[in-house]
Amino acid sequence: MRAMESIAGQTRSPDQVVIVDDASTEEMSKSLELAAELGFEWRQLSSNRGPAAARNAGVAATSSDWVCFLDSDDEWLPDKLAEQSRWNEEHPEFSISQVHESWHRNGAVVKKPRHWEQDGGDLFAASIERCSIGPSCVMLSRRLWDDFGGFDEDFRVCEDYELWLRVCSQTEIGLVDSEPLVRKHAGHEDQLSVVTPAMDRFRVHALIKAHFDSGYSEKQKKMIAQGICEKSIILADGAAKRGSLERSKFYREVSEVKWDALCTDLKRKWFEHSKRFLQT
């Protein structure tokens with residue numbers, strides 16, 4: 001409800017708002033009432049499919065030239081849409097931009113590490129290391145969305161990491177360099193980063209997928225291979241400490257693969273092998 005109220009409080013009203021209920025098991029009657037009161041469209045998925053499917057369904061229900069997202073636990077400050085829309089009009093060479101966000105945990109402001117600050121320009125290297133674009137901070141053109149095909153619904157988590165990796169390989173990101181216009185809230189027990197251990201396994205999976213994708217340059221694939229190696233070593237060490245020897249052995253082997261020398265079929269096999277570790 002806080003997220004919806006922050007949309008309603010924008011100084012530049014959005015053209016269309018679609019709330020996607022990803023088959024929630026919570027009591028949603030008050031949220032439904034508020035959405036109806038605010039004139040927001042409510043879409044309910046028939047089964048829980050994760051944020052990638054939810055966001056894709058939301059975009060599919062809209063027709064505007066620009067698309068934004070707002071996670072249910074975040075909120076936009078009043079000038080978010082106005083400032084970002086104005087910036088995009090003044091910088092037509094960009095088809096995607098993001099704003100700064102502040103972090104809040106249990107009602108208190110959290111100091112962000114410098115490398116987690118939103119940035120602009122060529123973010124491909126940063127996108128290998130981490131998710132370089134905040135989903136609640138981004139505004140992208142419909143054309144760009146269509147070009148990249150949205151979020152990969154095979155990724156129950158780190159779906160944003162996988163999409164922004166693809167986007168940043170071909171597109172520079174605009175930055176509205178103002179005070180934070182998004183508040184990102186954390187600390188609740190059902191947060192995906194809390195309930196999903198070893199999330200880097202999803203990022204390694206995304207990087208392996210990227211390495212057999214023809215859309216990346218050879219230079220980019222060398223950077224991707226380095227990212228696979230570094231993240232896999234961390235996963236292997238962590239799995240070994242927890243006594244998960246099979247998982248540790250697998251990620252150790254992944255870290256030692258000579259990715260630049262593999263044919264596409266062998267890369268695809270490694271991709272399929274990594275998929276089974278996403279479910280456990």
# chains A, B, ... in the order shown; residues from 1 in each chain; ligands from 1
$ residues_around --residues "Ile96 in chain A" --least-positions-apart "3" --cutoff "12 Å" --atoms "only C-alpha atoms" --output "PyMOL selection string"
chain A and resi 65-68+84-85+87-89+91-93+99+120-121+133-135+137-145+164+167-168+170-176
$ write_last_selection --atoms "N, CA and C atoms" --output "CSV table (one decimal), in the first residue's frame"
chain,number,residue,atom,x,y,z
A,65,ASP,N,5.0,4.5,-24.2
A,65,ASP,CA,6.3,4.5,-24.8
A,65,ASP,C,7.4,4.3,-23.8
A,66,TRP,N,7.2,4.5,-22.5
A,66,TRP,CA,8.2,4.4,-21.5
A,66,TRP,C,7.6,3.5,-20.4
A,67,VAL,N,8.5,2.7,-19.8
A,67,VAL,CA,8.1,1.7,-18.8
A,67,VAL,C,8.9,2.0,-17.5
A,68,CYS,N,8.3,1.9,-16.3
A,68,CYS,CA,9.0,1.9,-15.0
A,68,CYS,C,8.5,0.8,-14.2
A,84,GLN,N,12.7,12.3,-13.8
A,84,GLN,CA,13.3,11.3,-14.8
A,84,GLN,C,12.7,11.5,-16.2
A,85,SER,N,11.4,11.9,-16.3
A,85,SER,CA,10.8,12.2,-17.6
A,85,SER,C,11.5,13.4,-18.2
A,87,TRP,N,14.5,14.5,-17.6
A,87,TRP,CA,15.9,14.2,-18.0
A,87,TRP,C,15.9,13.4,-19.3
A,88,ASN,N,15.0,12.5,-19.5
A,88,ASN,CA,14.9,11.7,-20.7
A,88,ASN,C,14.6,12.6,-21.9
A,89,GLU,N,13.8,13.6,-21.7
A,89,GLU,CA,13.4,14.5,-22.8
A,89,GLU,C,14.7,15.3,-23.2
A,91,HIS,N,17.8,14.3,-22.9
A,91,HIS,CA,18.8,13.4,-23.3
A,91,HIS,C,18.2,12.3,-24.2
A,92,PRO,N,17.7,12.7,-25.4
A,92,PRO,CA,17.1,11.7,-26.3
A,92,PRO,C,18.0,10.6,-26.8
A,93,GLU,N,19.3,10.8,-26.6
A,93,GLU,CA,20.2,9.7,-27.0
A,93,GLU,C,20.2,8.5,-26.1
A,99,VAL,N,17.6,6.5,-11.5
A,99,VAL,CA,17.8,7.6,-10.5
A,99,VAL,C,18.5,7.0,-9.3
A,120,GLY,N,26.0,5.8,-14.3
A,120,GLY,CA,25.6,5.9,-15.7
A,120,GLY,C,26.7,5.6,-16.6
A,121,GLY,N,26.5,5.6,-17.9
A,121,GLY,CA,27.5,5.3,-18.9
A,121,GLY,C,27.6,3.8,-19.2
A,133,ILE,N,21.7,-1.9,-12.0
A,133,ILE,CA,20.5,-1.0,-12.2
A,133,ILE,C,19.4,-1.4,-11.2
A,134,GLY,N,18.9,-0.4,-10.4
A,134,GLY,CA,17.8,-0.7,-9.5
A,134,GLY,C,16.5,-0.8,-10.2
A,135,PRO,N,15.8,-1.9,-10.1
A,135,PRO,CA,14.5,-2.1,-10.8
A,135,PRO,C,13.5,-0.9,-10.5
A,137,CYS,N,14.3,2.0,-9.8
A,137,CYS,CA,15.0,3.3,-10.2
A,137,CYS,C,14.9,3.5,-11.8
A,138,VAL,N,14.6,2.5,-12.5
A,138,VAL,CA,14.8,2.5,-13.9
A,138,VAL,C,13.6,3.1,-14.7
A,139,MET,N,13.9,3.7,-15.8
A,139,MET,CA,12.9,4.0,-16.8
A,139,MET,C,13.5,3.7,-18.2
A,140,LEU,N,12.8,2.9,-19.0
A,140,LEU,CA,13.3,2.5,-20.3
A,140,LEU,C,12.2,2.6,-21.3
A,141,SER,N,12.7,2.7,-22.6
A,141,SER,CA,11.8,2.9,-23.7
A,141,SER,C,11.1,1.5,-24.0
A,142,ARG,N,9.9,1.6,-24.6
A,142,ARG,CA,9.3,0.4,-25.0
A,142,ARG,C,10.1,-0.3,-26.1
A,143,ARG,N,10.7,0.5,-27.0
A,143,ARG,CA,11.5,-0.1,-28.1
A,143,ARG,C,12.7,-0.9,-27.5
A,144,LEU,N,13.3,-0.4,-26.5
A,144,LEU,CA,14.4,-1.1,-25.9
A,144,LEU,C,13.9,-2.4,-25.2
A,145,TRP,N,12.8,-2.3,-24.5
A,145,TRP,CA,12.2,-3.4,-23.9
A,145,TRP,C,11.9,-4.5,-24.9
A,164,TRP,N,19.8,-6.8,-17.1
A,164,TRP,CA,20.7,-5.7,-17.2
A,164,TRP,C,22.1,-6.0,-17.8
A,167,VAL,N,21.3,-5.8,-21.4
A,167,VAL,CA,21.1,-4.4,-21.9
A,167,VAL,C,22.5,-3.7,-21.8
A,168,CYS,N,23.2,-3.8,-20.8
A,168,CYS,CA,24.5,-3.0,-20.6
A,168,CYS,C,25.6,-3.5,-21.6
A,170,GLN,N,25.1,-3.6,-24.7
A,170,GLN,CA,24.9,-2.9,-26.0
A,170,GLN,C,24.5,-1.5,-25.8
A,171,THR,N,24.1,-1.1,-24.6
A,171,THR,CA,23.5,0.3,-24.4
A,171,THR,C,24.2,1.0,-23.2
A,172,GLU,N,24.4,2.3,-23.3
A,172,GLU,CA,24.9,3.1,-22.2
A,172,GLU,C,23.7,3.5,-21.4
A,173,ILE,N,23.8,3.6,-20.1
A,173,ILE,CA,22.8,3.9,-19.2
A,173,ILE,C,22.8,5.4,-18.7
A,174,GLY,N,21.7,6.1,-18.8
A,174,GLY,CA,21.6,7.4,-18.4
A,174,GLY,C,21.5,7.5,-16.9
A,175,LEU,N,22.0,8.5,-16.3
A,175,LEU,CA,21.9,8.7,-14.8
A,175,LEU,C,21.3,10.1,-14.5
A,176,VAL,N,20.2,10.1,-13.8
A,176,VAL,CA,19.6,11.4,-13.3
A,176,VAL,C,20.4,11.7,-12.0
$ closest_atom_pairs --of "range 130-182 of chain A" --to "range 56-60 of chain A" --cutoff "12 Å" --atoms "only C-alpha atoms" --output "JSON lines"
{"residue": "A:Leu140", "atom": "CA", "partner": "A:Val59", "partner_atom": "CA", "distance": 11.3}
{"residue": "A:Ser141", "atom": "CA", "partner": "A:Val59", "partner_atom": "CA", "distance": 11.3}
{"residue": "A:Arg142", "atom": "CA", "partner": "A:Val59", "partner_atom": "CA", "distance": 9.0}
{"residue": "A:Trp145", "atom": "CA", "partner": "A:Val59", "partner_atom": "CA", "distance": 9.1}
{"residue": "A:Asp146", "atom": "CA", "partner": "A:Val59", "partner_atom": "CA", "distance": 10.3}
{"residue": "A:Phe148", "atom": "CA", "partner": "A:Asn56", "partner_atom": "CA", "distance": 11.9}
{"residue": "A:Gly149", "atom": "CA", "partner": "A:Asn56", "partner_atom": "CA", "distance": 9.1}
{"residue": "A:Gly150", "atom": "CA", "partner": "A:Asn56", "partner_atom": "CA", "distance": 6.3}
{"residue": "A:Phe151", "atom": "CA", "partner": "A:Asn56", "partner_atom": "CA", "distance": 6.6}
{"residue": "A:Asp152", "atom": "CA", "partner": "A:Asn56", "partner_atom": "CA", "distance": 9.0}
{"residue": "A:Glu153", "atom": "CA", "partner": "A:Asn56", "partner_atom": "CA", "distance": 8.5}
{"residue": "A:Glu159", "atom": "CA", "partner": "A:Asn56", "partner_atom": "CA", "distance": 11.1}
{"residue": "A:Asp160", "atom": "CA", "partner": "A:Asn56", "partner_atom": "CA", "distance": 11.6}
{"residue": "A:Leu163", "atom": "CA", "partner": "A:Asn56", "partner_atom": "CA", "distance": 11.8}
$ residues_around --residues "range 178-181 of chain A" --least-positions-apart "5" --cutoff "8 Å" --atoms "only C-alpha atoms" --output "JSON, numbers by chain"
{"A": [76, 77, 78, 79, 80, 99, 100, 101, 102, 137]}
$ residues_around --residues "Arg43 in chain A" --least-positions-apart "2" --cutoff "9 Å" --atoms "only C-alpha atoms" --output "VMD selection string"
chain A and resid 18 to 22 41 45 57 to 58 61
$ write_last_selection --atoms "N, CA and C atoms" --output "compact mmCIF listing (two decimals), in the first residue's frame"
# COMPACT_ATOMS: atom_id res chain seq x y z
N VAL A 18 -0.28 -0.58 -13.54
CA VAL A 18 -0.73 -1.96 -13.44
C VAL A 18 -0.08 -2.59 -12.21
N ILE A 19 -0.89 -3.05 -11.29
CA ILE A 19 -0.41 -3.76 -10.10
C ILE A 19 -0.51 -5.26 -10.40
N VAL A 20 0.59 -5.98 -10.26
CA VAL A 20 0.57 -7.42 -10.54
C VAL A 20 0.65 -8.18 -9.23
N ASP A 21 -0.36 -8.98 -8.96
CA ASP A 21 -0.41 -9.86 -7.79
C ASP A 21 0.09 -11.22 -8.24
N ASP A 22 1.27 -11.59 -7.77
CA ASP A 22 1.90 -12.85 -8.19
C ASP A 22 1.36 -14.02 -7.35
N GLU A 41 -5.01 -0.49 -12.30
CA GLU A 41 -5.47 -1.79 -12.80
C GLU A 41 -4.79 -2.91 -12.01
N LEU A 45 -1.92 -13.14 -11.24
CA LEU A 45 -1.43 -14.33 -11.94
C LEU A 45 -2.06 -15.57 -11.33
N ALA A 57 4.32 -9.54 -17.17
CA ALA A 57 2.87 -9.45 -17.30
C ALA A 57 2.40 -8.00 -17.17
N GLY A 58 3.04 -7.26 -16.26
CA GLY A 58 2.67 -5.87 -16.10
C GLY A 58 2.95 -5.04 -17.34
N ALA A 61 0.57 -5.55 -20.21
CA ALA A 61 -0.76 -4.95 -20.04
C ALA A 61 -0.76 -3.45 -20.29
$ atom_distance --atom1 "CA of Arg201 in chain A" --atom2 "CA of Val109 in chain A"
29.3 Å
$ select_by_dssp --residues "range 198-262 of chain A" --states "helix (DSSP H, G or I)" --output "VMD selection string"
chain A and resid 200 to 211 218 to 241 245 to 256 259 to 261
$ atom_distance --atom1 "CA of Met1 in chain A" --atom2 "CA of Ala35 in chain A"
8.4 Å
$ closest_atom_pairs --of "range 55-131 of chain A" --to "range 210-221 of chain A" --cutoff "10 Å" --atoms "only C-alpha atoms" --output "JSON lines"
{"residue": "A:Phe124", "atom": "CA", "partner": "A:Gln220", "partner_atom": "CA", "distance": 8.2}
{"residue": "A:Ala125", "atom": "CA", "partner": "A:Gln220", "partner_atom": "CA", "distance": 8.5}
{"residue": "A:Ile128", "atom": "CA", "partner": "A:Gln220", "partner_atom": "CA", "distance": 9.9}
$ closest_residue --among "A:Phe155, A:Leu34, A:Glu117, A:Ala8" --to "Ala54 in chain A" --atoms "only C-alpha atoms"
A:Phe155
$ atom_distance --atom1 "CA of Glu253 in chain A" --atom2 "CA of Leu123 in chain A"
28.4 Å
$ closest_residue --among "A:Lys209, A:Glu83, A:Ser46, A:Leu32" --to "Gln10 in chain A" --atoms "only C-alpha atoms"
A:Glu83
$ closest_residue --among "A:Leu235, A:Ile208, A:Glu5, A:Ile224" --to "Glu272 in chain A" --atoms "only C-alpha atoms"
A:Ile208
$ residues_around --residues "Asp200 in chain A" --least-positions-apart "3" --cutoff "12 Å" --atoms "only C-alpha atoms" --output "MDAnalysis selection string"
chainID A and resid 128:131 157:159 161:162 193 196:197 203:207 227:236 238:239 251 274 277:278
$ select_by_dssp --residues "range 69-269 of chain A" --states "strand (DSSP E or B)" --output "MDAnalysis selection string"
chainID A and resid 74:76 96:99 101:105 108:110 121 138:141 173:176 182:186
$ residues_around --residues "Gln16 in chain A" --least-positions-apart "2" --cutoff "8 Å" --atoms "only C-alpha atoms" --output "ChimeraX atom specification"
/A:14,18,40,62,64
$ write_last_selection --atoms "C-alpha atoms" --output "PDB file, in the first residue's frame"
ATOM      1  CA  PRO A  14       1.868   8.093 -14.786  1.00  0.00           C
ATOM      2  CA  VAL A  18      -0.732  -1.964 -13.438  1.00  0.00           C
ATOM      3  CA  PHE A  40      -4.980   1.388 -10.798  1.00  0.00           C
ATOM      4  CA  THR A  62       0.504  -1.450 -20.899  1.00  0.00           C
ATOM      5  CA  SER A  64       3.034   3.557 -23.143  1.00  0.00           C
TER       6      SER A  64
END
